[in-house]
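Participant: Sharing query-v3.txt here; it has compact mmCIF, C-alpha atoms.
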# COMPACT_ATOMS: atom_id res chain seq x y z
CA MET K 279 31.10 27.89 -7.74
CA ASN K 280 30.46 29.50 -4.38
CA PRO K 281 28.25 27.79 -1.80
CA SER K 282 24.65 28.95 -1.52
CA ARG K 283 21.44 27.72 0.06
CA TYR K 284 20.97 25.61 -3.10
CA TYR K 285 24.57 24.48 -3.68
CA ARG K 286 26.36 22.85 -0.74
CA PRO K 287 29.67 21.37 -1.89
CA TRP K 288 30.28 19.63 1.44
CA LEU K 289 27.35 17.23 0.97
CA ALA K 290 28.45 13.71 0.11
CA ALA K 291 27.12 13.32 -3.45
CA THR K 292 28.29 16.79 -4.47
CA ALA K 293 31.73 16.32 -2.92
CA ALA K 294 32.08 12.99 -4.74
CA GLY K 295 31.15 14.55 -8.09
CA LEU K 296 27.98 12.45 -8.41
CA ALA K 297 25.57 15.41 -8.67
CA SER K 298 26.12 16.79 -12.18
CA ALA K 299 24.26 20.06 -12.68
CA GLY K 300 25.35 20.27 -16.31
CA ASP K 301 23.81 16.90 -17.17
CA VAL K 302 20.55 17.96 -15.52
CA VAL K 303 20.33 21.23 -17.49
CA ARG K 304 21.17 19.52 -20.78
CA GLY K 305 18.45 17.00 -20.04
CA TRP K 306 15.87 19.77 -19.59
CA VAL K 307 16.92 21.45 -22.84
CA ALA K 308 16.73 18.11 -24.68
CA ALA K 309 13.24 17.48 -23.28
CA LEU K 310 12.10 20.93 -24.40
CA ASP K 311 13.59 20.36 -27.85
CA ALA K 312 11.85 16.99 -28.18
CA ARG K 313 8.49 18.49 -27.23
CA SER K 314 8.92 21.26 -29.77
CA ALA K 315 9.95 18.82 -32.51
CA SER K 316 7.05 16.43 -31.84
CA GLY K 317 4.47 19.22 -31.71
CA ASP K 318 2.86 17.85 -28.53
CA SER K 319 3.93 20.73 -26.28
CA ALA K 320 0.28 21.69 -25.82
CA ALA K 321 -1.56 18.50 -26.77
CA SER K 322 -3.09 18.13 -23.29
CA ALA K 323 -3.23 19.86 -19.93
CA PRO K 324 -0.51 17.57 -18.47
CA ALA K 325 1.68 18.36 -21.51
CA ALA K 326 1.13 22.08 -20.94
CA LEU K 327 2.06 21.64 -17.29
CA ARG K 328 5.29 19.86 -18.19
CA LEU K 329 6.18 22.47 -20.80
CA LEU K 330 5.79 25.36 -18.36
CA ALA K 331 7.73 23.47 -15.69
CA LEU K 332 10.65 22.73 -18.01
CA VAL K 333 10.78 26.39 -19.03
CA GLY K 334 10.68 27.49 -15.40
CA ARG K 335 13.48 25.12 -14.40
CA SER K 336 15.64 26.38 -17.24
CA ARG K 337 15.03 29.99 -16.24
CA ARG K 338 16.34 29.27 -12.73
CA VAL K 339 19.76 28.38 -14.20
CA PRO K 340 22.58 30.96 -14.24
CA PRO K 341 22.58 32.65 -17.70
CA GLY K 342 26.13 31.56 -18.52
CA VAL K 343 25.41 27.91 -17.71
CA LEU K 344 22.18 28.00 -19.72
CA ALA K 345 23.94 29.53 -22.75
CA GLY K 346 26.40 26.64 -22.78
CA ALA K 347 23.64 24.03 -22.49
CA ASP K 348 21.28 25.68 -25.00
CA PRO K 349 23.33 27.10 -27.88
CA GLY K 350 20.43 26.57 -30.29
CA GLY K 351 17.92 28.73 -28.45
CA VAL K 352 15.51 25.92 -27.51
CA LEU K 353 14.32 27.79 -24.41
CA ALA K 354 13.55 30.93 -26.42
CA ARG K 355 11.41 28.92 -28.85
CA ALA K 356 9.50 27.27 -26.01
CA GLU K 357 8.87 30.65 -24.40
CA ALA K 358 7.53 31.90 -27.74
CA VAL K 359 5.06 28.99 -27.85
CA ILE K 360 3.79 29.92 -24.39
CA ALA K 361 3.51 33.60 -25.31
CA ASP K 362 1.49 32.74 -28.43
CA ARG K 363 -0.89 30.46 -26.55
CA PRO K 364 -1.90 32.04 -23.22
CA ALA K 365 -4.50 29.30 -22.66
CA LEU K 366 -1.60 26.96 -21.89
CA VAL K 367 -1.15 28.58 -18.50
CA ALA K 368 -4.76 28.00 -17.44
CA ALA K 369 -4.61 24.42 -18.68
CA ALA K 370 -1.42 23.76 -16.72
CA VAL K 371 -2.89 25.25 -13.53
CA GLY K 372 -5.89 22.95 -13.91
CA ALA K 373 -3.62 19.93 -14.24
CA ALA K 374 -1.70 20.64 -11.01
CA ASP K 375 -2.82 18.28 -8.24
CA PRO K 376 -1.13 18.97 -4.87
CA ASP K 377 -3.79 16.99 -2.99
CA GLY K 378 -3.07 13.92 -5.09
CA TRP K 379 0.63 14.49 -4.44
CA VAL K 380 -0.02 14.38 -0.68
CA LEU K 381 -1.67 10.97 -1.11
CA ARG K 382 1.30 9.75 -3.15
CA VAL K 383 3.74 10.85 -0.43
CA ALA K 384 1.69 9.04 2.20
CA ALA K 385 1.64 5.87 0.09
CA ALA K 386 5.40 6.09 -0.49
CA GLY K 387 5.99 6.49 3.24
CA GLU K 388 4.02 3.33 3.98
CA SER K 389 5.37 1.14 1.17
CA ARG K 390 7.45 -1.89 2.13
CA PRO K 391 10.10 -2.18 0.89
CA ALA K 392 10.63 1.55 1.15
CA ALA K 393 10.24 3.64 -1.98
CA GLY K 394 13.53 4.04 -3.82
CA ALA K 395 15.35 6.85 -5.59
CA ASP K 396 13.15 6.82 -8.71
CA ALA K 397 9.93 7.16 -6.72
CA ALA K 398 11.41 9.93 -4.58
CA ARG K 399 12.67 11.75 -7.66
CA ASP K 400 9.23 11.54 -9.29
CA LEU K 401 7.61 13.06 -6.20
CA ILE K 402 10.13 15.91 -6.04
CA ASP K 403 9.74 16.53 -9.77
CA ALA K 404 5.95 16.61 -9.52
CA PHE K 405 5.89 19.09 -6.65
CA ASP K 406 8.42 21.27 -8.43
CA ASP K 407 6.22 21.13 -11.56
CA TYR K 408 3.26 22.49 -9.59
CA GLU K 409 5.31 25.26 -7.98
CA LEU K 410 6.69 26.32 -11.37
CA VAL K 411 3.22 26.36 -12.93
CA TRP K 412 2.02 28.60 -10.10
CA ALA K 413 4.96 30.96 -10.77
CA ALA K 414 4.22 30.97 -14.51
CA ALA K 415 0.58 31.84 -13.83
CA ARG K 416 1.55 34.70 -11.55
CA ALA K 417 4.06 35.98 -14.10
CA ALA K 418 1.29 35.91 -16.71
CA GLY K 419 -0.91 38.11 -14.52
CA ALA K 420 -3.17 35.40 -13.07
CA ASP K 421 -3.65 34.75 -9.36
CA PRO K 422 -4.25 31.03 -8.74
CA ALA K 423 -4.88 31.51 -5.02
CA GLU K 424 -6.44 28.09 -4.51
CA LEU K 425 -3.42 26.38 -6.05
CA ARG K 426 -1.11 28.42 -3.82
CA GLU K 427 -3.08 27.44 -0.73
CA ARG K 428 -2.91 23.76 -1.60
CA LEU K 429 0.78 23.98 -2.40
CA ASP K 430 1.51 25.61 0.95
CA ALA K 431 -0.37 22.84 2.77
CA ALA K 432 1.41 20.10 0.82
CA ALA K 433 4.85 21.71 1.17
CA ALA K 434 4.96 20.89 4.88
CA LEU K 435 5.51 17.24 3.92
CA LEU K 436 8.89 18.10 2.41
CA ALA K 437 10.30 18.67 5.89
CA ALA K 438 7.97 16.34 7.79
CA ARG K 439 8.71 13.20 5.71
CA PRO K 440 12.44 13.30 4.87
CA ASP K 441 12.43 9.49 4.77
CA VAL K 442 10.40 9.64 1.56
CA PHE K 443 12.67 12.12 -0.24
CA LEU K 444 16.18 11.25 1.02
CA PRO K 445 16.63 8.34 -1.44
CA ALA K 446 16.79 11.01 -4.18
CA ALA K 447 19.63 12.89 -2.45
CA VAL K 448 21.89 12.80 -5.52
CA PHE K 449 19.13 14.20 -7.75
CA THR K 450 18.23 16.86 -5.18
CA GLN K 451 21.84 18.07 -4.97
CA ALA K 452 22.17 18.08 -8.77
CA VAL K 453 19.03 20.21 -9.22
CA GLY K 454 20.06 22.50 -6.38
CA ALA K 455 23.38 23.10 -8.11
CA THR K 456 21.53 24.35 -11.22
CA ILE K 457 19.83 27.19 -9.34
CA ARG K 458 21.47 30.59 -9.59
CA PRO K 459 22.43 31.86 -6.11
CA ASP K 460 20.87 35.29 -6.71
CA LEU K 461 17.54 33.89 -7.87
CA ASP K 462 15.52 35.45 -5.04
CA ALA K 463 16.58 38.91 -6.19
CA ALA K 464 16.60 38.20 -9.94
CA ASP K 465 13.14 36.61 -10.04
CA PRO K 466 11.22 36.48 -6.73
CA LEU K 467 8.49 34.23 -8.14
CA LEU K 468 10.99 31.60 -9.31
CA GLY K 469 12.91 32.16 -6.09
CA ARG K 470 9.89 30.99 -4.15
CA THR K 471 9.75 27.76 -6.16
CA ALA K 472 13.42 27.05 -5.41
CA GLY K 473 12.63 26.96 -1.68
CA THR K 474 11.63 23.32 -2.20
CA PHE K 475 15.26 22.38 -2.75
CA ALA K 476 16.53 24.44 0.18
CA VAL K 477 14.21 22.43 2.46
CA LEU K 478 15.28 19.11 0.95
CA LEU K 479 18.96 20.02 1.16
CA ASP K 480 18.48 20.92 4.83
CA ALA K 481 17.12 17.41 5.39
CA ILE K 482 20.06 15.82 3.55
CA GLU K 483 22.51 17.87 5.57
CA ALA K 484 20.80 16.86 8.83
CA ALA K 485 20.83 13.19 7.83
CA GLU K 486 24.52 13.26 6.98
CA ALA K 487 25.28 15.01 10.27
CA ASP K 488 23.33 12.34 12.17
CA ALA K 489 25.32 9.64 10.42
CA ARG K 490 28.65 11.05 11.62
CA PRO K 491 30.01 9.67 14.94
CA LEU K 492 29.40 11.97 17.88
CA PRO K 493 32.41 13.35 19.75
CA PRO K 494 32.89 12.42 23.44
CA LEU K 495 30.29 14.10 25.62
CA GLY K 496 32.74 15.73 28.04
CA VAL K 497 30.08 17.70 29.93
CA ALA K 498 28.31 17.21 33.20
CA VAL K 499 24.72 15.93 33.08
CA ARG K 500 22.41 18.28 34.95
CA ALA K 501 18.95 17.72 36.36
CA ALA K 502 16.17 18.17 33.83
CA ALA K 503 14.41 21.53 33.83
CA PRO K 504 10.60 21.69 33.68
CA PRO K 505 9.32 21.33 30.11
CA VAL K 506 8.78 24.48 28.08
CA PRO K 507 5.89 24.39 25.59
CA ALA K 508 7.06 24.28 21.97
CA ALA K 509 5.94 26.70 19.31
CA GLY K 510 3.11 24.36 18.28
CA LEU K 511 -0.08 23.53 20.13
CA ILE K 512 1.16 20.20 21.51
CA PRO K 513 3.68 20.62 24.35
CA PRO K 514 6.64 18.22 24.53
CA LEU K 515 6.57 15.41 27.04
CA PRO K 516 9.24 15.58 29.75
CA PRO K 517 11.92 12.89 29.34
CA GLU K 518 11.35 9.63 31.20
CA TYR K 519 14.31 10.15 33.52
CA ALA K 520 12.82 13.49 34.60
CA ILE K 521 9.47 11.84 35.36
CA ALA K 522 11.22 9.16 37.41
CA ALA K 523 13.23 11.75 39.33
CA GLY K 524 10.25 13.55 40.83
CA ALA K 525 7.11 15.56 40.25
CA VAL K 526 6.72 17.23 36.84
CA PRO K 527 4.45 20.24 36.34
CA GLU K 528 1.17 19.47 34.58
CA LEU K 529 1.37 20.07 30.86
CA PRO K 530 -0.88 22.77 29.41
CA PRO K 531 -4.02 21.45 27.68
CA VAL K 532 -4.11 21.20 23.91
CA PRO K 533 -6.99 23.02 22.20
CA PRO K 534 -9.07 20.74 19.97
CA PHE K 535 -8.26 20.72 16.26
CA ARG K 536 -11.27 21.44 14.05
CA TRP K 537 -12.08 21.31 10.32
CA ARG K 538 -15.11 21.85 8.12
CA SER K 539 -15.94 20.22 4.80
CA PRO K 540 -15.56 22.30 1.62
CA ASP K 541 -19.33 22.85 1.43
CA GLY K 542 -19.59 23.64 5.15
CA ALA K 543 -22.15 20.88 5.74
CA ALA K 544 -19.93 18.68 7.91
CA GLY K 545 -17.34 19.18 10.61
CA ALA K 546 -14.56 17.19 12.24
CA ARG K 547 -12.80 17.50 15.60
CA LEU K 548 -9.67 15.95 17.06
CA ASP K 549 -9.13 16.11 20.82
CA PHE K 550 -5.51 15.50 21.73
CA PRO K 551 -4.61 14.53 25.33
CA THR K 552 -1.25 15.76 26.62
CA ARG K 553 -0.32 12.20 27.60
CA PRO K 554 -1.00 9.03 25.58
CA PRO K 555 -4.26 7.23 26.43
CA PRO K 556 -4.10 3.55 27.48
CA ASP K 557 -4.74 2.30 23.94
CA ARG K 558 -2.48 5.06 22.50
CA LEU K 559 -5.20 6.06 20.04
CA VAL K 560 -6.78 9.43 19.37
CA HIS K 561 -9.90 9.78 17.27
CA LEU K 562 -11.00 12.20 14.60
CA ARG K 563 -14.75 12.59 15.15
CA PHE K 564 -17.15 13.77 12.46
CA ARG K 565 -20.31 15.75 13.16
CA ARG K 566 -23.47 16.77 11.34
CA VAL K 567 -22.79 14.85 8.08
CA VAL K 568 -20.68 11.73 8.70
CA PRO K 569 -18.69 10.22 5.79
CA PRO K 570 -19.60 6.62 4.93
CA ALA K 571 -17.83 3.84 6.77
CA GLY K 572 -14.67 2.85 4.94
CA ALA K 573 -14.05 6.33 3.52
CA ARG K 574 -10.35 7.14 3.32
CA VAL K 575 -8.92 9.81 5.63
CA LEU K 576 -5.51 11.49 5.36
CA LEU K 577 -4.61 13.54 8.44
CA GLY K 578 -1.27 15.34 8.19
CA GLY K 579 0.02 12.52 5.97
CA LEU K 580 -1.34 9.76 8.26
CA ARG K 581 -3.76 7.31 6.66
CA GLY K 582 -6.98 6.22 8.34
CA VAL K 583 -10.51 5.07 7.53
CA VAL K 584 -13.90 6.11 8.84
CA THR K 585 -15.42 3.42 11.05
CA ALA K 586 -19.11 2.60 11.50
CA ASP K 587 -19.32 4.89 14.55
CA GLY K 588 -18.21 7.93 12.53
CA ARG K 589 -14.61 8.11 13.75
CA ALA K 590 -11.10 7.58 12.39
CA GLY K 591 -8.39 6.46 14.81
CA PHE K 592 -4.71 7.42 14.76
CA ASP K 593 -1.72 6.56 16.91
CA TRP K 594 -1.05 9.26 19.54
CA GLU K 595 2.70 9.35 18.85
CA ASP K 596 2.18 9.58 15.08
CA VAL K 597 -0.13 12.56 15.49
CA ARG K 598 2.45 14.32 17.67
CA ALA K 599 5.06 13.76 14.95
CA VAL K 600 2.99 15.40 12.19
CA GLU K 601 1.75 18.40 14.18
CA PRO K 602 3.43 20.89 11.77
CA ILE K 603 1.09 19.68 9.00
CA LEU K 604 -1.82 18.56 11.15
CA ASP K 605 -4.14 21.13 9.57
CA THR K 606 -4.04 19.08 6.33
CA LEU K 607 -7.12 16.83 6.31
CA LEU K 608 -8.40 14.96 3.25
CA VAL K 609 -11.57 12.87 3.44
CA GLY K 610 -12.56 10.62 0.54
CA ASP K 611 -11.20 11.11 -2.94
CA GLY K 612 -11.16 13.83 -5.58
CA ARG K 613 -10.31 17.49 -5.67
CA ASP K 614 -12.99 18.35 -3.07
CA ALA K 615 -11.49 15.98 -0.50
CA ARG K 616 -9.47 18.66 1.31
CA TRP K 617 -11.21 19.99 4.44
CA ILE K 618 -10.67 23.49 5.75
CA PRO K 619 -8.92 23.94 9.13
CA GLU K 620 -10.71 26.08 11.70
CA GLY K 621 -7.95 26.09 14.31
CA GLY K 622 -8.14 25.34 18.01
CA ALA K 623 -11.10 26.46 20.09
Would you write the structure of this file as structure tokens?
Facilitator:
Amino acid sequence: MNPSRYYRPWLAATAAGLASAGDVVRGWVAALDARSASGDSAASAPAALRLLALVGRSRRVPPGVLAGADPGGVLARAEAVIADRPALVAAAVGAADPDGWVLRVAAAGESRPAAGADAARDLIDAFDDYELVWAAARAAGADPAELRERLDAAAALLAARPDVFLPAAVFTQAVGATIRPDLDAADPLLGRTAGTFAVLLDAIEAAEADARPLPPLGVAVRAAAPPVPAAGLIPPLPPEYAIAAGAVPELPPVPPFRWRSPDGAAGARLDFPTRPPPDRLVHLRFRRVVPPAGARVLLGGLRGVVTADGRAGFDWEDVRAVEPILDTLLVGDGRDARWIPEGGA
């Protein structure tokens, strides 16, 4: 099997033979068969979601591998059930909950002891379920734009929180090995769902590279150049040795981050100083309609609560770390908790 963005034979679990793609595919076929035999493939919206996801996963597999794992035509029967009951797709879309998934990732990142392989696998599975349901809806002629928007916002956590997902490295490599290398061309919709595993495999590869001993430096250390602003809004701080060595140009100001509530009645603003304040806290401030004190806030995966003065505080360094997903703001609970980013001003 040739290497691809989904199959990387040099990664540790794959090289050691621990990531068995065949076992994974046979497990999906068995799960589909069990659902068909029990008759509960469409008993509820979550069951419809799982059915569509299992079918989508199986359709990402190379045809030859799938034929060997499904000699009885289980996938074809499941696809016939979906074709006969188009309401299944709408039910599955309604059961997808990317915002709840974001909260679960944040909770896993804060748990002590750290979440293990089973929890990480469940999170990866759930996000993949939602992506596959979106693809099934699009293939059926629907356009679940709101689901796509929420998935895109949640997807940033895959790269931003590798610590949550790395415990499931064996599972990630096994699923990646089931994905046909030409999927993007064969089925662009399913190809988009497979991007999840390309991102996770990138994180595994980076972690394994970091774990390897570094070779001798063997180069001269030069004076630090002035900092160059990164692609994001927040410029990088110059290294401490550069600050100690002499004057450093003033960093460009960061535009404030702004959001509005789903109904437009309330707003929120985060001012971010280029250098950490004395207490190292930055505050999300609410205006017009202020959430009640104690309301939960999730800012780019960081947890906070609204205080009596209508603010939620976050550590300056933590906010810098989550800038790629800083536009994700959830206030309170429920499906209407996600606020809409308005960008810098």
Participant: Neighbouring residues of K:Ala345 were defined as those with any atom within 12 Å, considering all atoms listed in the file; residues of the same chain fewer than 6 positions away were excluded. Please report them as a PyMOL selection string.
Facilitator: chain K and resi 300+303-304+307+336-337+339+351-354
Participant: Export C-alpha atoms of the chosen residues as a short mmCIF file (atom, residue, chain, number, x, y, z; two decimals), keeping the file's coordinate frame?
Facilitator:
data_model
loop_
_atom_site.label_atom_id
_atom_site.label_comp_id
_atom_site.auth_asym_id
_atom_site.auth_seq_id
_atom_site.Cartn_x
_atom_site.Cartn_y
_atom_site.Cartn_z
CA GLY K 300 25.35 20.27 -16.31
CA VAL K 303 20.33 21.23 -17.49
CA ARG K 304 21.17 19.52 -20.78
CA VAL K 307 16.92 21.45 -22.84
CA SER K 336 15.64 26.38 -17.24
CA ARG K 337 15.03 29.99 -16.24
CA VAL K 339 19.76 28.38 -14.20
CA GLY K 351 17.92 28.73 -28.45
CA VAL K 352 15.51 25.92 -27.51
CA LEU K 353 14.32 27.79 -24.41
CA ALA K 354 13.55 30.93 -26.42
#
Participant: Of the candidates K:Arg328, K:Arg589, K:Arg338, K:Leu607, which shows the shortest atom-to-atom distance to K:Ala463, using only C-alpha atoms?
Facilitator: K:Arg338
Participant: Restricting the calculation to only C-alpha atoms: of K:Arg538, K:Arg547, K:Arg598, K:Arg616, which residue gets closest to K:Ala438?
Facilitator: K:Arg598
Participant: Extract, using only C-alpha atoms, all DNA, RNA and protein residues at most 9 Å from K:Pro619, discarding same-chain residues fewer than 3 positions from it, and format them as a short mmCIF file (atom, residue, chain, number, x, y, z; two decimals) with C-alpha atoms, keeping the file's coordinate frame.
Facilitator:
data_model
loop_
_atom_site.label_atom_id
_atom_site.label_comp_id
_atom_site.auth_asym_id
_atom_site.auth_seq_id
_atom_site.Cartn_x
_atom_site.Cartn_y
_atom_site.Cartn_z
CA PHE K 535 -8.26 20.72 16.26
CA ARG K 536 -11.27 21.44 14.05
CA TRP K 537 -12.08 21.31 10.32
CA ARG K 538 -15.11 21.85 8.12
CA ASP K 605 -4.14 21.13 9.57
CA THR K 606 -4.04 19.08 6.33
CA LEU K 607 -7.12 16.83 6.31
#
Participant: Hey, can you check how far atom CA of K:Pro391 sits from atom CA of K:Ile482?
Facilitator: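 Taking atom CA of K:Pro391 as the start and atom CA of K:Ile482 as the end point, the length is 20.7 Å.
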Participant: Considering all atoms listed in the file, return as a VMD selection string whatever protein or nucleic-acid residues lie within 9 Å of stretch 446-451 of chain K, sequence-local ones (same chain, fewer than 4 positions apart) excluded.
Facilitator: chain K and resid 284 to 286 289 to 292 296 to 299 302 394 to 399 402 442 455 to 456 475 478 to 479 482
Participant: Take atom CA of K:Arg581 and atom CA of K:Ala423 and report the distance between them in Å, one decimal.
Facilitator: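 Atom CA of K:Ala423 lies at a distance of 26.9 Å from atom CA of K:Arg581.
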Participant: So that I can see what lies close to K:Pro569, please list as a list in words the residues with an atom at most 10 Å from it, counting all atoms listed in the file and leaving out residues fewer than 4 positions away in the same chain.
Facilitator: Ala544, Phe564, Arg565, Ala573, Arg574, Val575, Val583, Val584, Thr585, Ala586, Gly588, Arg589, Val609 and Gly610 of chain K
Participant: Grab the atom CA of K:Pro349 to atom CA of K:Leu329 distance for me, in Å with one decimal place.
Facilitator: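 Answer for the atom CA of K:Pro349 to atom CA of K:Leu329 separation: 19.1 Å.
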Participant: Contacts of K:Trp379 at 10 Å or less, counting all atoms listed in the file, minus same-chain residues fewer than 4 places along, as a PDB file with C-alpha atoms, keeping the file's coordinate frame?
Facilitator:
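The result, written out as selection-v9.pdb:
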ATOM      1  CA  ALA K 374      -1.700  20.640 -11.010  1.00  0.00           C
ATOM      2  CA  ASP K 375      -2.820  18.280  -8.240  1.00  0.00           C
ATOM      3  CA  VAL K 383       3.740  10.850  -0.430  1.00  0.00           C
ATOM      4  CA  ALA K 384       1.690   9.040   2.200  1.00  0.00           C
ATOM      5  CA  ALA K 385       1.640   5.870   0.090  1.00  0.00           C
ATOM      6  CA  LEU K 401       7.610  13.060  -6.200  1.00  0.00           C
ATOM      7  CA  ILE K 402      10.130  15.910  -6.040  1.00  0.00           C
ATOM      8  CA  ALA K 404       5.950  16.610  -9.520  1.00  0.00           C
ATOM      9  CA  PHE K 405       5.890  19.090  -6.650  1.00  0.00           C
ATOM     10  CA  TYR K 408       3.260  22.490  -9.590  1.00  0.00           C
ATOM     11  CA  LEU K 429       0.780  23.980  -2.400  1.00  0.00           C
ATOM     12  CA  ALA K 432       1.410  20.100   0.820  1.00  0.00           C
TER      13      ALA K 432
END
Participant: Could you check which of K:Ala365, K:Val597, K:Ala615, K:Ala373 is closest to K:Asp541, using all atoms listed in the file?
Facilitator: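 Smallest separation from K:Asp541 among the options: K:Ala615.
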Participant: Using all atoms listed in the file, which residue out of K:Pro531, K:Pro602, K:Gly579, K:Pro287 lies closest to K:Gly378?
Facilitator: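 Going through K:Pro531, K:Pro602, K:Gly579, K:Pro287 one by one, the smallest distance to K:Gly378 is for K:Gly579.
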Participant: Taking the point (14.7, 20.1, -27.5) as given in the file, collect each protein or nucleic acid residue that comes within 10 Å of it, counting all atoms listed in the file, and present the set as an NGL selection string.
Facilitator: :K and (304-316 or 348 or 350-353 or 355-356)
